[in-house]
Number of protein chains: 2
Amino acid sequence: MINSRVAVAIHILALIASKPHDDLPSDYIASSVNTNPVVIRRILGMLRKAGLIQTQVGKAGASLSRSPSDITLLNVYRAVEPDEELFAVHENPNPHCPVGKRINAVLDEAFHGAQSALEKKLAGQNIQGIMDHLFSEG
Amino acid sequence: MINSRVAVAIHILALIASKPHDDLPSDYIASSVNTNPVVIRRILGMLRKAGLIQTQVGKAGASLSRSPSDITLLNVYRAVEPDEELFAVHENPNPHCPVGKRINAVLDEAFHGAQSALEKKLAGQNIQGIMDHLFSEG
DNA sequence: CCACCTGTAACTATTTTAATTACAGGTTAA
DNA sequence: TTAACCTGTAATTAAAATAGTTACAGGTGG
């Protein structure tokens with residue numbers, strides 16, 4: 001299962017986008033997410049390093065670096081997920097076995113298409129879309 | 001990252017399919033995968049419970065329950081991956097926060113499409129296709 | 001100056017994964 | 001019928017990932 005950092009990061013960005021004129025301290029965000037403020041600050045740090053938000057040392061409040069509709073879920077996913085590859089592959093299969101010799105290349109190709117499909121779907125959604133769903137009646 | 005059981009399971013099934021007339025002991029498979037025989041037997045057990053293969057206690061050799069072209073990578077994935085949900089979601093976000101209150105429902109929906117796209121791609125590939133790639137020249 | 005905040009290191013607990021040892025008991029052939 | 005070989009599975013270990021927590025140096029601003 002993919003870690004919950006992606007979910008938390010989307011939650012954080014939706015919060016920031018929904019209160020663009022408030023300076024939300026990490027404690028406030030943490031109480032909405034229901035976790036520890038340090039967990040929030042860590043994820044804020046990853047989002048900052050990915051260029052999605054801006055923060056100021058010593059001062060509450062993060063702001064989005066670009067419009068909510070220009071921050072895709074793939075951007076968020078990549079910001080908080082260090083692995084490039086979604087599927088792990090076993091290391092050093094037996095090079096003297098006809099299957100072992102080539103399995104990794106074949107698996108890489110097989111998994112690549114699936115991963116791309118996933119990422120394409122994530123790229124097709126953005127924080128504005130999340131906001132629209134959050135605040136639509138129903 | 002998704003665990004390597006999926007990769008190993010595909011490797012195992014490709015081996016079995018490529019030697020349909022041999023009874024491969026778990027030691028042999030393990031030496032191709034480069035791991036411990038018990039790891040192989042555990043995964044064989046999951047594949048058996050999923051109905052993809054048949055084995056016999058005390059006797060080497062697993063056989064596919066159906067044609068390699070009828071065993072999809074999604075079948076394999078589901079056999080060795082207990083989690084239904086691909087993306088973890090943080091538990092108990094604050095119900096008193098307008099964002100926290102609805103974020104999980106919105107995230108579930110957002111992630112669902114991505115997961116479905118991934119699974120569709122896995123469902124579109126099968127063990128025969130893996131074999132074709134393994135044994136094509138190039 | 002003081003209350004408040006961030007960034008980050010460090011530590012802990014929990015969970016997952018994989019490797020490994022061990023063994024009960026089935027299978028087969030000499 | 002025995003010996004070699006095998007499976008299924010429990011139990012243990014080790015390593016890695018994840019998340020929660022404490023602590024604190026140092027920035028910010030009234």
# chains A, B, ... in the order shown; residues from 1 in each chain; ligands from 1
>>> residues_around(residues="Leu107 (chain A)", least_positions_apart="6", cutoff="9 Å", atoms="only C-alpha atoms (C1' of nucleotides)", output="number ranges by chain")
A: 89; B: 7, 10-11, 130
>>> closest_atom_pairs(of="chain C", to="chain B", cutoff="7 Å", atoms="only C-alpha atoms (C1' of nucleotides)", output="Markdown table")
| residue | atom | partner | partner_atom | distance |
| --- | --- | --- | --- | --- |
| C:DA19 | C1' | B:Asn36 | CA | 6.7 |
| C:DG26 | C1' | B:Gly58 | CA | 4.5 |
| C:DT27 | C1' | B:Gly58 | CA | 5.4 |
>>> write_last_selection(atoms="C-alpha atoms (C1' of nucleotides)", output="PDB file, in the first residue's frame")
ATOM      1  C1'  DA C  19      15.165 -14.548   4.888  1.00  0.00           C
ATOM      2  C1'  DG C  26       3.274 -36.940   2.087  1.00  0.00           C
ATOM      3  C1'  DT C  27       5.639 -39.307  -2.145  1.00  0.00           C
TER       4       DT C  27
END
>>> atom_distance(atom1="CA of Ala79 (chain A)", atom2="CA of Ala50 (chain A)")
5.4 Å
>>> closest_residue(among="D:DT28, D:DT21, D:DT12, D:DT7", to="DC11 (chain C)", atoms="only C-alpha atoms (C1' of nucleotides)")
D:DT21
>>> interface_residues(of="chain A", to="chain B", cutoff="7 Å", atoms="only C-alpha atoms", output="count of residues only")
38
>>> residues_around(residues="DA30 (chain C)", least_positions_apart="5", cutoff="12 Å", atoms="only C-alpha atoms (C1' of nucleotides)", output="list in words")
DT1, DT2, DA3 and DA4 of chain D
>>> write_last_selection(atoms="all heavy atoms", output="PDB file, in the first residue's frame")
ATOM      1  P    DT D   1       6.891 -53.308   5.809  1.00  0.00           P
ATOM      2  OP1  DT D   1       6.509 -54.555   6.480  1.00  0.00           O
ATOM      3  OP2  DT D   1       6.026 -52.137   5.807  1.00  0.00           O
ATOM      4  O5'  DT D   1       8.318 -52.933   6.280  1.00  0.00           O
ATOM      5  C5'  DT D   1       9.504 -53.507   5.678  1.00  0.00           C
ATOM      6  C4'  DT D   1      10.473 -52.348   5.555  1.00  0.00           C
ATOM      7  O4'  DT D   1      10.574 -51.966   4.138  1.00  0.00           O
ATOM      8  C3'  DT D   1       9.990 -51.077   6.273  1.00  0.00           C
ATOM      9  O3'  DT D   1      11.107 -50.236   6.557  1.00  0.00           O
ATOM     10  C2'  DT D   1       9.172 -50.401   5.198  1.00  0.00           C
ATOM     11  C1'  DT D   1      10.133 -50.626   4.004  1.00  0.00           C
ATOM     12  N1   DT D   1       9.510 -50.455   2.676  1.00  0.00           N
ATOM     13  C2   DT D   1      10.331 -50.236   1.620  1.00  0.00           C
ATOM     14  O2   DT D   1      11.535 -50.194   1.692  1.00  0.00           O
ATOM     15  N3   DT D   1       9.669 -50.069   0.423  1.00  0.00           N
ATOM     16  C4   DT D   1       8.301 -50.095   0.213  1.00  0.00           C
ATOM     17  O4   DT D   1       7.840 -49.949  -0.894  1.00  0.00           O
ATOM     18  C5   DT D   1       7.508 -50.327   1.378  1.00  0.00           C
ATOM     19  C7   DT D   1       6.014 -50.386   1.281  1.00  0.00           C
ATOM     20  C6   DT D   1       8.131 -50.486   2.538  1.00  0.00           C
ATOM     21  P    DT D   2      11.811 -50.409   7.935  1.00  0.00           P
ATOM     22  OP1  DT D   2      12.109 -51.816   8.197  1.00  0.00           O
ATOM     23  OP2  DT D   2      11.094 -49.614   8.944  1.00  0.00           O
ATOM     24  O5'  DT D   2      13.164 -49.682   7.536  1.00  0.00           O
ATOM     25  C5'  DT D   2      13.919 -50.257   6.464  1.00  0.00           C
ATOM     26  C4'  DT D   2      14.367 -49.195   5.473  1.00  0.00           C
ATOM     27  O4'  DT D   2      13.396 -48.979   4.411  1.00  0.00           O
ATOM     28  C3'  DT D   2      14.623 -47.812   6.085  1.00  0.00           C
ATOM     29  O3'  DT D   2      15.835 -47.345   5.513  1.00  0.00           O
ATOM     30  C2'  DT D   2      13.440 -46.989   5.590  1.00  0.00           C
ATOM     31  C1'  DT D   2      13.282 -47.584   4.197  1.00  0.00           C
ATOM     32  N1   DT D   2      11.996 -47.348   3.500  1.00  0.00           N
ATOM     33  C2   DT D   2      12.039 -47.155   2.140  1.00  0.00           C
ATOM     34  O2   DT D   2      13.060 -47.168   1.493  1.00  0.00           O
ATOM     35  N3   DT D   2      10.802 -46.954   1.566  1.00  0.00           N
ATOM     36  C4   DT D   2       9.574 -46.923   2.191  1.00  0.00           C
ATOM     37  O4   DT D   2       8.543 -46.742   1.564  1.00  0.00           O
ATOM     38  C5   DT D   2       9.608 -47.132   3.618  1.00  0.00           C
ATOM     39  C7   DT D   2       8.346 -47.108   4.403  1.00  0.00           C
ATOM     40  C6   DT D   2      10.807 -47.325   4.201  1.00  0.00           C
ATOM     41  P    DA D   3      16.829 -46.486   6.362  1.00  0.00           P
ATOM     42  OP1  DA D   3      17.901 -47.381   6.850  1.00  0.00           O
ATOM     43  OP2  DA D   3      16.070 -45.634   7.302  1.00  0.00           O
ATOM     44  O5'  DA D   3      17.436 -45.578   5.221  1.00  0.00           O
ATOM     45  C5'  DA D   3      17.629 -46.158   3.917  1.00  0.00           C
ATOM     46  C4'  DA D   3      17.547 -45.055   2.889  1.00  0.00           C
ATOM     47  O4'  DA D   3      16.176 -44.931   2.412  1.00  0.00           O
ATOM     48  C3'  DA D   3      17.936 -43.687   3.437  1.00  0.00           C
ATOM     49  O3'  DA D   3      18.737 -43.029   2.475  1.00  0.00           O
ATOM     50  C2'  DA D   3      16.613 -42.975   3.651  1.00  0.00           C
ATOM     51  C1'  DA D   3      15.749 -43.583   2.555  1.00  0.00           C
ATOM     52  N9   DA D   3      14.324 -43.608   2.864  1.00  0.00           N
ATOM     53  C8   DA D   3      13.732 -43.700   4.102  1.00  0.00           C
ATOM     54  N7   DA D   3      12.417 -43.707   4.065  1.00  0.00           N
ATOM     55  C5   DA D   3      12.129 -43.623   2.706  1.00  0.00           C
ATOM     56  C6   DA D   3      10.903 -43.585   2.009  1.00  0.00           C
ATOM     57  N6   DA D   3       9.723 -43.640   2.593  1.00  0.00           N
ATOM     58  N1   DA D   3      10.964 -43.488   0.658  1.00  0.00           N
ATOM     59  C2   DA D   3      12.164 -43.428   0.066  1.00  0.00           C
ATOM     60  N3   DA D   3      13.384 -43.461   0.621  1.00  0.00           N
ATOM     61  C4   DA D   3      13.295 -43.556   1.953  1.00  0.00           C
ATOM     62  P    DA D   4      19.317 -41.602   2.767  1.00  0.00           P
ATOM     63  OP1  DA D   4      20.782 -41.671   2.667  1.00  0.00           O
ATOM     64  OP2  DA D   4      18.670 -41.081   3.987  1.00  0.00           O
ATOM     65  O5'  DA D   4      18.771 -40.816   1.497  1.00  0.00           O
ATOM     66  C5'  DA D   4      18.703 -41.487   0.248  1.00  0.00           C
ATOM     67  C4'  DA D   4      17.879 -40.648  -0.712  1.00  0.00           C
ATOM     68  O4'  DA D   4      16.474 -40.841  -0.406  1.00  0.00           O
ATOM     69  C3'  DA D   4      18.157 -39.150  -0.575  1.00  0.00           C
ATOM     70  O3'  DA D   4      18.174 -38.559  -1.864  1.00  0.00           O
ATOM     71  C2'  DA D   4      16.982 -38.648   0.256  1.00  0.00           C
ATOM     72  C1'  DA D   4      15.861 -39.572  -0.204  1.00  0.00           C
ATOM     73  N9   DA D   4      14.799 -39.739   0.785  1.00  0.00           N
ATOM     74  C8   DA D   4      14.923 -39.798   2.143  1.00  0.00           C
ATOM     75  N7   DA D   4      13.786 -39.964   2.775  1.00  0.00           N
ATOM     76  C5   DA D   4      12.848 -40.005   1.753  1.00  0.00           C
ATOM     77  C6   DA D   4      11.451 -40.160   1.759  1.00  0.00           C
ATOM     78  N6   DA D   4      10.721 -40.303   2.863  1.00  0.00           N
ATOM     79  N1   DA D   4      10.818 -40.164   0.570  1.00  0.00           N
ATOM     80  C2   DA D   4      11.550 -40.017  -0.545  1.00  0.00           C
ATOM     81  N3   DA D   4      12.864 -39.862  -0.686  1.00  0.00           N
ATOM     82  C4   DA D   4      13.462 -39.875   0.526  1.00  0.00           C
TER      83       DA D   4
END
>>> interface_residues(of="chain D", to="chain B", cutoff="12 Å", atoms="only C-alpha atoms (C1' of nucleotides)", output="PDB file with C-alpha atoms (C1' of nucleotides), in the first residue's frame")
ATOM      1  C1'  DA D   4      15.861 -39.572  -0.204  1.00  0.00           C
ATOM      2  C1'  DC D   5      13.247 -35.971  -1.446  1.00  0.00           C
ATOM      3  C1'  DC D   6       9.507 -32.952  -1.225  1.00  0.00           C
ATOM      4  C1'  DT D   7       5.604 -29.692   0.558  1.00  0.00           C
ATOM      5  C1'  DG D   8       3.126 -26.725   3.915  1.00  0.00           C
ATOM      6  C1'  DT D   9       3.611 -23.992   7.604  1.00  0.00           C
ATOM      7  C1'  DA D  10       4.973 -22.165  12.162  1.00  0.00           C
ATOM      8  C1'  DA D  16      13.379  -1.136   6.254  1.00  0.00           C
ATOM      9  C1'  DA D  17       9.526   2.019   6.084  1.00  0.00           C
ATOM     10  C1'  DT D  18       6.202   4.701   8.369  1.00  0.00           C
ATOM     11  C1'  DA D  19       4.388   7.598  11.698  1.00  0.00           C
TER      12       DA D  19
END
>>> atom_distance(atom1="CA of Tyr28 (chain B)", atom2="CA of Ser136 (chain B)")
23.4 Å
>>> select_by_dssp(residues="region 50-118 of chain A", states="strand (DSSP E or B)", output="PyMOL selection string")
chain A and resi 53-56+59-64+72+87
>>> write_last_selection(atoms="all heavy atoms", output="PDB file, in the first residue's frame")
ATOM      1  N   ILE A  53       4.798  24.849  -2.781  1.00  0.00           N
ATOM      2  CA  ILE A  53       4.372  25.860  -1.816  1.00  0.00           C
ATOM      3  C   ILE A  53       5.566  26.712  -1.398  1.00  0.00           C
ATOM      4  O   ILE A  53       6.726  26.362  -1.662  1.00  0.00           O
ATOM      5  CB  ILE A  53       3.762  25.240  -0.532  1.00  0.00           C
ATOM      6  CG1 ILE A  53       4.822  24.406   0.196  1.00  0.00           C
ATOM      7  CG2 ILE A  53       2.543  24.398  -0.864  1.00  0.00           C
ATOM      8  CD1 ILE A  53       4.390  23.947   1.572  1.00  0.00           C
ATOM      9  N   GLN A  54       5.244  27.797  -0.714  1.00  0.00           N
ATOM     10  CA  GLN A  54       6.277  28.616  -0.108  1.00  0.00           C
ATOM     11  C   GLN A  54       5.973  28.787   1.368  1.00  0.00           C
ATOM     12  O   GLN A  54       4.816  28.914   1.742  1.00  0.00           O
ATOM     13  CB  GLN A  54       6.331  29.989  -0.796  1.00  0.00           C
ATOM     14  CG  GLN A  54       7.045  29.923  -2.141  1.00  0.00           C
ATOM     15  CD  GLN A  54       6.560  30.964  -3.118  1.00  0.00           C
ATOM     16  OE1 GLN A  54       5.604  31.688  -2.835  1.00  0.00           O
ATOM     17  NE2 GLN A  54       7.202  31.033  -4.274  1.00  0.00           N
ATOM     18  N   THR A  55       7.016  28.767   2.164  1.00  0.00           N
ATOM     19  CA  THR A  55       6.832  28.954   3.611  1.00  0.00           C
ATOM     20  C   THR A  55       7.876  29.950   4.092  1.00  0.00           C
ATOM     21  O   THR A  55       8.805  30.308   3.356  1.00  0.00           O
ATOM     22  CB  THR A  55       7.025  27.627   4.386  1.00  0.00           C
ATOM     23  OG1 THR A  55       8.372  27.191   4.218  1.00  0.00           O
ATOM     24  CG2 THR A  55       6.084  26.552   3.888  1.00  0.00           C
ATOM     25  N   GLN A  56       7.704  30.380   5.358  1.00  0.00           N
ATOM     26  CA  GLN A  56       8.680  31.281   5.952  1.00  0.00           C
ATOM     27  C   GLN A  56       9.082  30.753   7.324  1.00  0.00           C
ATOM     28  O   GLN A  56       8.213  30.418   8.134  1.00  0.00           O
ATOM     29  CB  GLN A  56       8.061  32.671   6.137  1.00  0.00           C
ATOM     30  CG  GLN A  56       8.408  33.648   5.028  1.00  0.00           C
ATOM     31  CD  GLN A  56       7.829  35.007   5.335  1.00  0.00           C
ATOM     32  OE1 GLN A  56       6.632  35.231   5.115  1.00  0.00           O
ATOM     33  NE2 GLN A  56       8.641  35.904   5.860  1.00  0.00           N
ATOM     34  N   LYS A  59       7.421  31.949  10.836  1.00  0.00           N
ATOM     35  CA  LYS A  59       6.122  32.579  10.607  1.00  0.00           C
ATOM     36  C   LYS A  59       5.123  31.558  10.078  1.00  0.00           C
ATOM     37  O   LYS A  59       5.434  30.814   9.145  1.00  0.00           O
ATOM     38  CB  LYS A  59       6.310  33.701   9.578  1.00  0.00           C
ATOM     39  CG  LYS A  59       5.165  34.674   9.534  1.00  0.00           C
ATOM     40  CD  LYS A  59       5.389  35.704   8.429  1.00  0.00           C
ATOM     41  CE  LYS A  59       4.096  36.458   8.159  1.00  0.00           C
ATOM     42  NZ  LYS A  59       4.150  37.188   6.883  1.00  0.00           N
ATOM     43  N   ALA A  60       3.967  31.553  10.668  1.00  0.00           N
ATOM     44  CA  ALA A  60       2.948  30.596  10.227  1.00  0.00           C
ATOM     45  C   ALA A  60       2.476  30.929   8.824  1.00  0.00           C
ATOM     46  O   ALA A  60       2.601  32.055   8.359  1.00  0.00           O
ATOM     47  CB  ALA A  60       1.766  30.617  11.195  1.00  0.00           C
ATOM     48  N   GLY A  61       1.942  29.935   8.154  1.00  0.00           N
ATOM     49  CA  GLY A  61       1.286  30.195   6.877  1.00  0.00           C
ATOM     50  C   GLY A  61       2.092  29.778   5.674  1.00  0.00           C
ATOM     51  O   GLY A  61       3.150  30.327   5.393  1.00  0.00           O
ATOM     52  N   ALA A  62       1.601  28.800   4.935  1.00  0.00           N
ATOM     53  CA  ALA A  62       2.209  28.409   3.662  1.00  0.00           C
ATOM     54  C   ALA A  62       1.306  28.928   2.558  1.00  0.00           C
ATOM     55  O   ALA A  62       0.096  29.061   2.745  1.00  0.00           O
ATOM     56  CB  ALA A  62       2.323  26.898   3.583  1.00  0.00           C
ATOM     57  N   SER A  63       1.908  29.262   1.425  1.00  0.00           N
ATOM     58  CA  SER A  63       1.078  29.674   0.296  1.00  0.00           C
ATOM     59  C   SER A  63       1.432  28.848  -0.931  1.00  0.00           C
ATOM     60  O   SER A  63       2.575  28.418  -1.103  1.00  0.00           O
ATOM     61  CB  SER A  63       1.286  31.163   0.003  1.00  0.00           C
ATOM     62  OG  SER A  63       2.656  31.412  -0.242  1.00  0.00           O
ATOM     63  N   LEU A  64       0.444  28.607  -1.747  1.00  0.00           N
ATOM     64  CA  LEU A  64       0.668  27.820  -2.956  1.00  0.00           C
ATOM     65  C   LEU A  64       1.533  28.604  -3.931  1.00  0.00           C
ATOM     66  O   LEU A  64       1.366  29.805  -4.105  1.00  0.00           O
ATOM     67  CB  LEU A  64      -0.672  27.487  -3.624  1.00  0.00           C
ATOM     68  CG  LEU A  64      -1.696  26.745  -2.749  1.00  0.00           C
ATOM     69  CD1 LEU A  64      -2.897  26.327  -3.598  1.00  0.00           C
ATOM     70  CD2 LEU A  64      -1.075  25.538  -2.073  1.00  0.00           C
ATOM     71  N   THR A  72      -1.234  19.304  -9.809  1.00  0.00           N
ATOM     72  CA  THR A  72      -1.896  18.019 -10.046  1.00  0.00           C
ATOM     73  C   THR A  72      -1.595  17.044  -8.909  1.00  0.00           C
ATOM     74  O   THR A  72      -0.621  17.216  -8.163  1.00  0.00           O
ATOM     75  CB  THR A  72      -1.431  17.375 -11.362  1.00  0.00           C
ATOM     76  OG1 THR A  72      -0.078  16.927 -11.203  1.00  0.00           O
ATOM     77  CG2 THR A  72      -1.520  18.362 -12.519  1.00  0.00           C
ATOM     78  N   PHE A  87       6.515  -0.596  -8.648  1.00  0.00           N
ATOM     79  CA  PHE A  87       6.616  -2.027  -8.334  1.00  0.00           C
ATOM     80  C   PHE A  87       8.059  -2.414  -8.018  1.00  0.00           C
ATOM     81  O   PHE A  87       8.967  -2.122  -8.803  1.00  0.00           O
ATOM     82  CB  PHE A  87       6.151  -2.867  -9.530  1.00  0.00           C
ATOM     83  CG  PHE A  87       4.675  -2.819  -9.779  1.00  0.00           C
ATOM     84  CD1 PHE A  87       4.126  -1.838 -10.595  1.00  0.00           C
ATOM     85  CD2 PHE A  87       3.824  -3.751  -9.201  1.00  0.00           C
ATOM     86  CE1 PHE A  87       2.762  -1.787 -10.842  1.00  0.00           C
ATOM     87  CE2 PHE A  87       2.464  -3.712  -9.444  1.00  0.00           C
ATOM     88  CZ  PHE A  87       1.926  -2.728 -10.270  1.00  0.00           C
TER      89      PHE A  87
END
>>> atom_distance(atom1="CA of Ala17 (chain A)", atom2="C1' of DT8 (chain C)")
25.6 Å
>>> select_by_dssp(residues="chain B", states="alpha helix (DSSP H)", output="number ranges by chain")
B: 5-18, 26-33, 37-49, 73-80, 98-123, 127-135
>>> closest_residue(among="C:DA13, C:DA29, C:DA22, C:DC5", to="DG26 (chain D)", atoms="only C-alpha atoms (C1' of nucleotides)")
C:DC5
